[in-house]
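Structure data (mmCIF, C-alpha atoms) from target-v4.cif:
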```
data_start
#
loop_
_atom_site.group_PDB
_atom_site.id
_atom_site.type_symbol
_atom_site.label_atom_id
_atom_site.label_comp_id
_atom_site.auth_asym_id
_atom_site.auth_seq_id
_atom_site.Cartn_x
_atom_site.Cartn_y
_atom_site.Cartn_z
ATOM 1 C CA MET A 1 -2.461 20.348 -5.625
ATOM 2 C CA SER A 2 -0.790 17.223 -4.286
ATOM 3 C CA HIS A 3 2.902 16.651 -4.923
ATOM 4 C CA LEU A 4 2.580 12.921 -4.255
ATOM 5 C CA THR A 5 0.532 11.793 -7.251
ATOM 6 C CA PRO A 6 -0.519 13.336 -10.562
ATOM 7 C CA ASP A 7 -3.630 15.568 -10.593
ATOM 8 C CA SER A 8 -4.779 13.787 -13.733
ATOM 9 C CA MET A 9 -4.110 10.209 -14.738
ATOM 10 C CA SER A 10 -4.715 10.917 -18.425
ATOM 11 C CA ALA A 11 -1.689 9.975 -20.513
ATOM 12 C CA GLN A 12 -0.956 13.692 -20.896
ATOM 13 C CA GLY A 13 -1.391 14.514 -17.201
ATOM 14 C CA LEU A 14 0.756 11.599 -16.079
ATOM 15 C CA GLU A 15 3.488 12.393 -18.591
ATOM 16 C CA ALA A 16 3.607 16.039 -17.456
ATOM 17 C CA PHE A 17 3.857 14.944 -13.791
ATOM 18 C CA LEU A 18 6.693 12.517 -14.506
ATOM 19 C CA HIS A 19 8.628 15.029 -16.629
ATOM 20 C CA GLU A 20 8.212 17.723 -13.961
ATOM 21 C CA LYS A 21 8.971 15.670 -10.849
ATOM 22 C CA ILE A 22 11.477 13.071 -12.053
ATOM 23 C CA PRO A 23 13.929 14.873 -14.369
ATOM 24 C CA LEU A 24 15.542 11.649 -15.584
ATOM 25 C CA THR A 25 12.270 10.822 -17.401
ATOM 26 C CA ARG A 26 12.831 13.868 -19.643
ATOM 27 C CA ALA A 27 16.365 12.733 -20.414
ATOM 28 C CA MET A 28 14.961 9.287 -21.308
ATOM 29 C CA GLY A 29 12.380 10.846 -23.629
ATOM 30 C CA LEU A 30 9.672 8.964 -21.705
ATOM 31 C CA ARG A 31 6.220 8.961 -23.271
ATOM 32 C CA VAL A 32 2.985 7.644 -21.759
ATOM 33 C CA ALA A 33 1.466 5.511 -24.523
ATOM 34 C CA GLU A 34 -1.565 4.260 -22.509
ATOM 35 C CA SER A 35 -2.915 5.119 -19.068
ATOM 36 C CA ASN A 36 -6.163 3.494 -18.039
ATOM 37 C CA ALA A 37 -7.717 1.065 -15.566
ATOM 38 C CA GLN A 38 -6.594 -1.972 -17.579
ATOM 39 C CA ARG A 39 -2.950 -1.197 -18.160
ATOM 40 C CA LEU A 40 -0.149 1.313 -18.158
ATOM 41 C CA VAL A 41 2.177 1.479 -21.143
ATOM 42 C CA LEU A 42 5.324 3.615 -21.183
ATOM 43 C CA GLU A 43 7.676 4.085 -24.127
ATOM 44 C CA ALA A 44 11.104 5.611 -24.649
ATOM 45 C CA PRO A 45 13.173 6.000 -27.821
ATOM 46 C CA LEU A 46 16.298 3.891 -28.310
ATOM 47 C CA ASP A 47 18.638 6.808 -29.074
ATOM 48 C CA ARG A 48 18.193 8.375 -25.624
ATOM 49 C CA ASN A 49 18.552 4.971 -23.930
ATOM 50 C CA VAL A 50 21.230 3.292 -25.962
ATOM 51 C CA ASN A 51 24.278 1.466 -24.571
ATOM 52 C CA HIS A 52 27.802 0.893 -25.871
ATOM 53 C CA LEU A 53 26.578 -2.081 -27.947
ATOM 54 C CA GLY A 54 23.889 -0.081 -29.779
ATOM 55 C CA THR A 55 20.990 -1.786 -27.937
ATOM 56 C CA ALA A 56 18.800 -0.603 -25.065
ATOM 57 C CA PHE A 57 20.760 0.168 -21.887
ATOM 58 C CA GLY A 58 20.051 -2.198 -18.972
ATOM 59 C CA GLY A 59 19.494 0.720 -16.602
ATOM 60 C CA SER A 60 16.723 2.094 -18.810
ATOM 61 C CA LEU A 61 15.250 -1.403 -19.173
ATOM 62 C CA HIS A 62 14.809 -1.518 -15.397
ATOM 63 C CA THR A 63 13.803 2.123 -14.916
ATOM 64 C CA LEU A 64 10.942 2.087 -17.434
ATOM 65 C CA PRO A 65 9.064 -0.804 -15.721
ATOM 66 C CA THR A 66 9.667 0.805 -12.317
ATOM 67 C CA LEU A 67 7.925 3.940 -13.588
ATOM 68 C CA ALA A 68 5.091 1.886 -15.107
ATOM 69 C CA CYS A 69 4.441 0.345 -11.665
ATOM 70 C CA TYR A 70 4.409 3.713 -9.882
ATOM 71 C CA SER A 71 1.978 4.931 -12.517
ATOM 72 C CA ALA A 72 -0.274 1.874 -12.288
ATOM 73 C CA LEU A 73 -0.510 2.308 -8.512
ATOM 74 C CA TRP A 74 -1.170 6.051 -8.787
ATOM 75 C CA THR A 75 -4.049 5.177 -11.116
ATOM 76 C CA LEU A 76 -5.505 2.852 -8.473
ATOM 77 C CA LEU A 77 -5.127 5.499 -5.742
ATOM 78 C CA HIS A 78 -6.624 8.137 -8.015
ATOM 79 C CA GLU A 79 -9.702 6.035 -8.759
ATOM 80 C CA ALA A 80 -10.149 5.397 -5.023
ATOM 81 C CA GLY A 81 -9.748 9.079 -4.131
ATOM 82 C CA ILE A 82 -6.686 8.385 -1.954
ATOM 83 C CA ASP A 83 -3.643 10.683 -1.884
ATOM 84 C CA GLY A 84 -0.609 8.662 -0.836
ATOM 85 C CA HIS A 85 3.069 7.961 -1.356
ATOM 86 C CA VAL A 86 4.208 5.027 -3.453
ATOM 87 C CA VAL A 87 7.713 3.630 -2.938
ATOM 88 C CA VAL A 88 9.578 0.642 -4.369
ATOM 89 C CA LYS A 89 10.831 -1.939 -1.822
ATOM 90 C CA HIS A 90 12.182 -4.690 -4.069
ATOM 91 C CA SER A 91 12.578 -5.097 -7.802
ATOM 92 C CA GLU A 92 14.033 -7.738 -10.059
ATOM 93 C CA ALA A 93 14.272 -8.398 -13.756
ATOM 94 C CA ASN A 94 15.350 -11.075 -16.194
ATOM 95 C CA TYR A 95 16.857 -9.658 -19.358
ATOM 96 C CA ARG A 96 16.088 -12.321 -21.972
ATOM 97 C CA ALA A 97 16.859 -10.593 -25.252
ATOM 98 C CA PRO A 98 18.373 -7.284 -26.339
ATOM 99 C CA VAL A 99 15.923 -4.510 -27.257
ATOM 100 C CA THR A 100 16.895 -3.000 -30.580
ATOM 101 C CA GLY A 101 14.126 -0.429 -31.072
ATOM 102 C CA THR A 102 11.722 1.654 -28.980
ATOM 103 C CA LEU A 103 11.600 0.556 -25.323
ATOM 104 C CA ARG A 104 7.999 -0.324 -24.414
ATOM 105 C CA ALA A 105 6.979 -1.384 -20.878
ATOM 106 C CA VAL A 106 3.516 -2.873 -20.360
ATOM 107 C CA CYS A 107 2.086 -3.144 -16.822
ATOM 108 C CA ALA A 108 -1.267 -4.942 -16.712
ATOM 109 C CA ARG A 109 -3.413 -4.234 -13.660
ATOM 110 C CA PRO A 110 -3.578 -7.179 -11.197
ATOM 111 C CA PRO A 111 -6.912 -9.017 -10.690
ATOM 112 C CA ALA A 112 -9.751 -7.016 -9.074
ATOM 113 C CA ALA A 113 -9.537 -8.965 -5.788
ATOM 114 C CA ALA A 114 -5.860 -8.079 -5.354
ATOM 115 C CA CYS A 115 -6.583 -4.407 -6.044
ATOM 116 C CA ALA A 116 -9.509 -4.362 -3.583
ATOM 117 C CA GLY A 117 -7.335 -5.975 -0.895
ATOM 118 C CA PHE A 118 -4.620 -3.412 -1.489
ATOM 119 C CA LEU A 119 -7.037 -0.490 -1.136
ATOM 120 C CA ASN A 120 -8.661 -2.026 1.955
ATOM 121 C CA ASP A 121 -5.246 -2.432 3.622
ATOM 122 C CA LEU A 122 -4.395 1.139 2.744
ATOM 123 C CA ARG A 123 -7.611 2.507 4.254
ATOM 124 C CA ARG A 124 -7.374 0.373 7.401
ATOM 125 C CA HIS A 125 -3.651 0.337 8.112
ATOM 126 C CA ARG A 126 -2.506 3.436 6.177
ATOM 127 C CA LYS A 127 -0.036 1.100 4.454
ATOM 128 C CA ALA A 128 -0.390 -1.557 1.764
ATOM 129 C CA ARG A 129 1.888 -3.693 -0.382
ATOM 130 C CA MET A 130 1.407 -4.763 -3.993
ATOM 131 C CA ILE A 131 3.518 -6.943 -6.282
ATOM 132 C CA LEU A 132 3.363 -5.881 -9.915
ATOM 133 C CA SER A 133 4.733 -7.462 -13.079
ATOM 134 C CA VAL A 134 5.827 -5.671 -16.214
ATOM 135 C CA THR A 135 6.966 -6.912 -19.589
ATOM 136 C CA VAL A 136 9.298 -4.927 -21.791
ATOM 137 C CA GLU A 137 8.555 -5.901 -25.353
ATOM 138 C CA GLY A 138 11.272 -6.611 -27.869
ATOM 139 C CA ALA A 139 11.077 -7.385 -31.570
ATOM 140 C CA ASN A 140 7.589 -8.497 -32.706
ATOM 141 C CA GLY A 141 6.166 -7.752 -29.259
ATOM 142 C CA LYS A 142 7.917 -10.782 -27.702
ATOM 143 C CA PRO A 143 8.991 -10.346 -24.052
ATOM 144 C CA ALA A 144 12.579 -9.104 -23.869
ATOM 145 C CA VAL A 145 12.589 -8.186 -20.162
ATOM 146 C CA GLU A 146 10.436 -9.630 -17.388
ATOM 147 C CA PHE A 147 10.226 -7.307 -14.409
ATOM 148 C CA SER A 148 8.625 -7.812 -11.004
ATOM 149 C CA GLY A 149 8.494 -5.297 -8.193
ATOM 150 C CA SER A 150 7.128 -5.014 -4.674
ATOM 151 C CA PHE A 151 5.724 -1.569 -3.939
ATOM 152 C CA VAL A 152 4.356 -0.004 -0.779
ATOM 153 C CA ALA A 153 1.765 2.747 -0.595
ATOM 154 C CA LEU A 154 1.505 4.940 2.502
ATOM 155 C CA VAL A 155 -1.100 7.534 3.467
ATOM 156 C CA MET B 1 40.100 1.118 -30.496
ATOM 157 C CA SER B 2 37.500 -1.256 -29.152
ATOM 158 C CA HIS B 3 33.909 -0.133 -28.806
ATOM 159 C CA LEU B 4 33.139 -2.902 -26.307
ATOM 160 C CA THR B 5 35.161 -1.777 -23.296
ATOM 161 C CA PRO B 6 37.012 1.402 -22.295
ATOM 162 C CA ASP B 7 40.565 1.916 -23.591
ATOM 163 C CA SER B 8 41.601 2.994 -20.133
ATOM 164 C CA MET B 9 40.156 1.868 -16.835
ATOM 165 C CA SER B 10 41.406 4.962 -15.013
ATOM 166 C CA ALA B 11 38.517 6.829 -13.363
ATOM 167 C CA GLN B 12 38.818 9.462 -16.093
ATOM 168 C CA GLY B 13 38.981 6.967 -18.981
ATOM 169 C CA LEU B 14 36.037 4.973 -17.691
ATOM 170 C CA GLU B 15 33.947 8.082 -17.101
ATOM 171 C CA ALA B 16 34.640 9.364 -20.627
ATOM 172 C CA PHE B 17 33.664 5.969 -22.102
ATOM 173 C CA LEU B 18 30.391 5.841 -20.143
ATOM 174 C CA HIS B 19 29.470 9.442 -21.019
ATOM 175 C CA GLU B 20 30.227 8.845 -24.686
ATOM 176 C CA LYS B 21 28.588 5.445 -25.146
ATOM 177 C CA ILE B 22 25.661 5.529 -22.710
ATOM 178 C CA PRO B 23 24.080 8.997 -22.978
ATOM 179 C CA LEU B 24 21.852 8.489 -19.939
ATOM 180 C CA THR B 25 24.985 8.550 -17.751
ATOM 181 C CA ARG B 26 25.542 12.189 -18.786
ATOM 182 C CA ALA B 27 21.956 13.050 -17.856
ATOM 183 C CA MET B 28 22.511 11.380 -14.478
ATOM 184 C CA GLY B 29 25.700 13.394 -13.892
ATOM 185 C CA LEU B 30 27.550 10.126 -13.309
ATOM 186 C CA ARG B 31 31.054 10.415 -11.889
ATOM 187 C CA VAL B 32 33.619 7.640 -11.407
ATOM 188 C CA ALA B 33 34.858 8.143 -7.846
ATOM 189 C CA GLU B 34 37.178 5.085 -7.736
ATOM 190 C CA SER B 35 38.249 2.578 -10.374
ATOM 191 C CA ASN B 36 40.794 -0.005 -9.353
ATOM 192 C CA ALA B 37 41.330 -3.737 -8.819
ATOM 193 C CA GLN B 38 39.722 -3.655 -5.373
ATOM 194 C CA ARG B 39 36.511 -1.814 -6.060
ATOM 195 C CA LEU B 40 34.485 0.383 -8.366
ATOM 196 C CA VAL B 41 32.689 3.387 -6.926
ATOM 197 C CA LEU B 42 30.243 5.473 -8.948
ATOM 198 C CA GLU B 43 28.484 8.627 -7.781
ATOM 199 C CA ALA B 44 25.665 10.814 -9.066
ATOM 200 C CA PRO B 45 24.192 14.040 -7.651
ATOM 201 C CA LEU B 46 20.722 13.981 -6.120
ATOM 202 C CA ASP B 47 19.325 16.874 -8.186
ATOM 203 C CA ARG B 48 19.734 15.014 -11.490
ATOM 204 C CA ASN B 49 18.295 11.832 -9.972
ATOM 205 C CA VAL B 50 15.527 13.111 -7.742
ATOM 206 C CA ASN B 51 11.972 11.781 -7.594
ATOM 207 C CA HIS B 52 8.623 13.370 -6.788
ATOM 208 C CA LEU B 53 9.276 12.912 -3.045
ATOM 209 C CA GLY B 54 12.600 14.779 -3.107
ATOM 210 C CA THR B 55 14.696 11.626 -2.559
ATOM 211 C CA ALA B 56 16.730 9.524 -4.998
ATOM 212 C CA PHE B 57 14.663 8.037 -7.821
ATOM 213 C CA GLY B 58 14.340 4.227 -7.719
ATOM 214 C CA GLY B 59 15.337 3.973 -11.381
ATOM 215 C CA SER B 60 18.632 5.741 -10.702
ATOM 216 C CA LEU B 61 19.185 3.602 -7.594
ATOM 217 C CA HIS B 62 19.095 0.504 -9.811
ATOM 218 C CA THR B 63 20.942 1.994 -12.775
ATOM 219 C CA LEU B 64 23.993 3.165 -10.831
ATOM 220 C CA PRO B 65 24.817 -0.324 -9.418
ATOM 221 C CA THR B 66 24.227 -1.863 -12.859
ATOM 222 C CA LEU B 67 26.877 0.486 -14.265
ATOM 223 C CA ALA B 68 29.229 -0.271 -11.366
ATOM 224 C CA CYS B 69 29.012 -3.989 -12.244
ATOM 225 C CA TYR B 70 29.694 -3.417 -15.952
ATOM 226 C CA SER B 71 32.679 -1.313 -14.938
ATOM 227 C CA ALA B 72 33.999 -3.860 -12.432
ATOM 228 C CA LEU B 73 33.872 -6.586 -15.094
ATOM 229 C CA TRP B 74 35.493 -4.381 -17.709
ATOM 230 C CA THR B 75 38.321 -3.835 -15.216
ATOM 231 C CA LEU B 76 38.776 -7.591 -14.891
ATOM 232 C CA LEU B 77 38.760 -8.066 -18.676
ATOM 233 C CA HIS B 78 41.180 -5.177 -19.115
ATOM 234 C CA GLU B 79 43.670 -6.635 -16.631
ATOM 235 C CA ALA B 80 43.462 -9.993 -18.416
ATOM 236 C CA GLY B 81 43.907 -8.428 -21.867
ATOM 237 C CA ILE B 82 40.535 -9.729 -23.075
ATOM 238 C CA ASP B 83 38.205 -7.658 -25.275
ATOM 239 C CA GLY B 84 34.638 -8.839 -24.735
ATOM 240 C CA HIS B 85 30.989 -7.896 -24.361
ATOM 241 C CA VAL B 86 29.413 -7.677 -20.939
ATOM 242 C CA VAL B 87 25.626 -7.962 -20.643
ATOM 243 C CA VAL B 88 23.252 -8.102 -17.680
ATOM 244 C CA LYS B 89 21.064 -11.236 -17.435
ATOM 245 C CA HIS B 90 19.334 -10.761 -14.083
ATOM 246 C CA SER B 91 19.321 -8.013 -11.495
ATOM 247 C CA GLU B 92 17.524 -7.425 -8.242
ATOM 248 C CA ALA B 93 17.598 -4.889 -5.448
ATOM 249 C CA ASN B 94 16.173 -4.291 -2.002
ATOM 250 C CA TYR B 95 15.507 -0.625 -1.311
ATOM 251 C CA ARG B 96 15.888 -0.372 2.478
ATOM 252 C CA ALA B 97 16.005 3.372 3.080
ATOM 253 C CA PRO B 98 15.557 6.515 1.001
ATOM 254 C CA VAL B 99 18.735 8.198 -0.245
ATOM 255 C CA THR B 100 18.634 11.910 0.532
ATOM 256 C CA GLY B 101 22.023 13.039 -0.787
ATOM 257 C CA THR B 102 24.599 12.009 -3.382
ATOM 258 C CA LEU B 103 23.967 8.531 -4.802
ATOM 259 C CA ARG B 104 27.073 6.373 -4.234
ATOM 260 C CA ALA B 105 27.314 2.778 -5.496
ATOM 261 C CA VAL B 106 30.171 0.600 -4.237
ATOM 262 C CA CYS B 107 31.022 -2.656 -6.044
ATOM 263 C CA ALA B 108 33.747 -4.662 -4.301
ATOM 264 C CA ARG B 109 35.592 -7.179 -6.463
ATOM 265 C CA PRO B 110 34.676 -10.824 -5.715
ATOM 266 C CA PRO B 111 37.329 -13.150 -4.188
ATOM 267 C CA ALA B 112 40.345 -13.976 -6.367
ATOM 268 C CA ALA B 113 39.212 -17.587 -6.945
ATOM 269 C CA ALA B 114 35.872 -16.437 -8.376
ATOM 270 C CA CYS B 115 37.608 -13.972 -10.677
ATOM 271 C CA ALA B 116 40.113 -16.613 -11.852
ATOM 272 C CA GLY B 117 37.251 -19.039 -12.571
ATOM 273 C CA PHE B 118 35.411 -16.383 -14.525
ATOM 274 C CA LEU B 119 38.442 -15.593 -16.686
ATOM 275 C CA ASN B 120 39.199 -19.298 -17.239
ATOM 276 C CA ASP B 121 35.621 -19.917 -18.392
ATOM 277 C CA LEU B 122 35.842 -16.954 -20.702
ATOM 278 C CA ARG B 123 39.089 -18.158 -22.295
ATOM 279 C CA ARG B 124 37.901 -21.771 -22.626
ATOM 280 C CA HIS B 125 34.252 -21.367 -23.527
ATOM 281 C CA ARG B 126 34.221 -17.797 -24.858
ATOM 282 C CA LYS B 127 31.468 -17.163 -22.311
ATOM 283 C CA ALA B 128 31.437 -16.725 -18.530
ATOM 284 C CA ARG B 129 28.987 -15.710 -15.844
ATOM 285 C CA MET B 130 29.597 -13.664 -12.701
ATOM 286 C CA ILE B 131 27.312 -12.613 -9.877
ATOM 287 C CA LEU B 132 28.189 -9.238 -8.399
ATOM 288 C CA SER B 133 26.879 -7.366 -5.381
ATOM 289 C CA VAL B 134 26.694 -3.617 -4.954
ATOM 290 C CA THR B 135 25.722 -1.439 -2.019
ATOM 291 C CA VAL B 136 24.288 2.019 -2.496
ATOM 292 C CA GLU B 137 25.197 4.022 0.569
ATOM 293 C CA GLY B 138 22.706 6.249 2.332
ATOM 294 C CA ALA B 139 23.190 8.614 5.261
ATOM 295 C CA ASN B 140 26.386 7.935 7.289
ATOM 296 C CA GLY B 141 27.479 5.321 4.749
ATOM 297 C CA LYS B 142 24.814 2.824 5.893
ATOM 298 C CA PRO B 143 23.450 0.536 3.132
ATOM 299 C CA ALA B 144 20.317 2.057 1.604
ATOM 300 C CA VAL B 145 20.070 -0.267 -1.408
ATOM 301 C CA GLU B 146 21.406 -3.816 -1.750
ATOM 302 C CA PHE B 147 21.830 -4.810 -5.375
ATOM 303 C CA SER B 148 22.793 -8.155 -6.898
ATOM 304 C CA GLY B 149 23.212 -8.899 -10.578
ATOM 305 C CA SER B 150 24.146 -11.792 -12.815
ATOM 306 C CA PHE B 151 26.313 -10.718 -15.740
ATOM 307 C CA VAL B 152 27.621 -12.622 -18.747
ATOM 308 C CA ALA B 153 30.793 -11.839 -20.654
ATOM 309 C CA LEU B 154 31.239 -13.036 -24.236
ATOM 310 C CA VAL B 155 34.277 -12.957 -26.506
#
```

Structure rendered as structure tokens:
Amino acid sequence: MSHLTPDSMSAQGLEAFLHEKIPLTRAMGLRVAESNAQRLVLEAPLDRNVNHLGTAFGGSLHTLPTLACYSALWTLLHEAGIDGHVVVKHSEANYRAPVTGTLRAVCARPPAAACAGFLNDLRRHRKARMILSVTVEGANGKPAVEFSGSFVALV
Amino acid sequence: MSHLTPDSMSAQGLEAFLHEKIPLTRAMGLRVAESNAQRLVLEAPLDRNVNHLGTAFGGSLHTLPTLACYSALWTLLHEAGIDGHVVVKHSEANYRAPVTGTLRAVCARPPAAACAGFLNDLRRHRKARMILSVTVEGANGKPAVEFSGSFVALV
């Protein structure tokens, strides 16, 4: 069993991996709502991630998308049969509106050509970089946080 | 008693406020190492903030500086006798090296002129913006993470 990526990328398998390996995800009450080749969706309840103003804490609003990106890249590696590290190199977010209910981070998979290039780089150079975007939805599904991160995979 | 900022900006008062109002800080084991007019230093143990690779989790490495910035701005407001909200509008970080021990985020106060401008804006327009930088120290105190955030205070 690898310790670098989940054995299973089912929602259940991914959630178990995150809860076991990254204890803060348990404290956040993180739940994997969707895990598939199209997108990764993570959720967390407001009460575990609340701030002093009664809205979602900025730290949680950055952490949830970071985890969605790791998970999206693990899915890609899993499909390609590659066991590798994934690390974050840069991340940034614009916080446009407070989140007043469940935190929900949606990471859509980049276009097929970008994914193929990433996997090719990884096979050839044992290292590859991918930029991923995530939206945290607020009221009525409108974007409340826009996150972008640059991640590196290493084998 | 205000619910917007700590009653006391002593290390102990600030830590109690964070633990009470932002439950994730308890899960992180957050400790206020220094709280004064020169700088804000927050720490958290690795075991509570570890990732699947045995190093500090990227989410924690972004959350700790975010909290250091809130705390630095609360200190400024406190000194000026102003009770106001502080919210994060934008944040970004470069993760240069893994952190393999205690997480330690150091937020130095900006130059006096910048602080005076911020407080003047807040008094005149009931709103002011400040950009703050934080370093998370890695082995031997070298910068492991460089964080920058844009924060808005409202009264």

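Picture a line from CA of Phe151 (chain B) to CA of Tyr95 (chain B); it runs 20.7 Å.
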
Which residue gives the smallest distance to His62 (chain B) among B:Ala80, B:Val145, B:Ala27, B:Cys115, with all atoms listed in the file counted?
B:Val145

With 7 Å as the cut-off and all atoms listed in the file counted, what is the closest atom pair between each nearby residue of chain A and chain B? Distances in Å to one decimal, ordered by chain and number, as CSV.
```
residue,atom,partner,partner_atom,distance
A:His3,CA,B:His52,CA,6.9
A:Leu4,CA,B:His52,CA,6.6
A:Lys21,CA,B:His52,CA,4.7
A:Ile22,CA,B:Asn51,CA,4.7
A:Pro23,CA,B:Arg48,CA,6.5
A:Leu24,CA,B:Asn49,CA,6.3
A:Ala27,CA,B:Ala27,CA,6.2
A:Arg48,CA,B:Pro23,CA,6.5
A:Asn49,CA,B:Leu24,CA,6.3
A:Val50,CA,B:Ile22,CA,5.9
A:Asn51,CA,B:Ile22,CA,4.7
A:His52,CA,B:Lys21,CA,4.7
A:Leu53,CA,B:Leu4,CA,6.8
A:Gly58,CA,B:Val88,CA,6.8
A:Gly59,CA,B:Thr63,CA,4.3
A:His62,CA,B:Gly59,CA,6.8
A:Thr63,CA,B:Gly59,CA,4.3
A:Thr66,CA,B:Gly59,CA,6.6
A:Val88,CA,B:Tyr95,CA,6.8
A:Lys89,CA,B:Tyr95,CA,4.9
A:His90,CA,B:Asn94,CA,4.5
A:Ser91,CA,B:Glu92,CA,5.5
A:Glu92,CA,B:Glu92,CA,3.9
A:Ala93,CA,B:Ser91,CA,5.5
A:Asn94,CA,B:His90,CA,4.5
A:Tyr95,CA,B:Lys89,CA,4.9
A:Arg96,CA,B:Lys89,CA,6.8
```

Spell out the residues picked by the PyMOL selection byres ((chain B and resi 72) around 9) here, as a ChimeraX atom specification.
/B:35-37,39-40,67-71,73-77,107-109,132

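With CA of Asn140 (chain B) on one side and CA of Pro45 (chain B) on the other, the separation reads 16.3 Å.
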
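Atom to atom, CA of Ala105 (chain A) and CA of Leu42 (chain A) stand 5.3 Å apart.
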
Who sits within 12 Å of Leu119 (chain A), all atoms listed in the file, same chain under 6 positions skipped, as a ChimeraX atom specification
/A:73-84,112-113,125-130,152-155
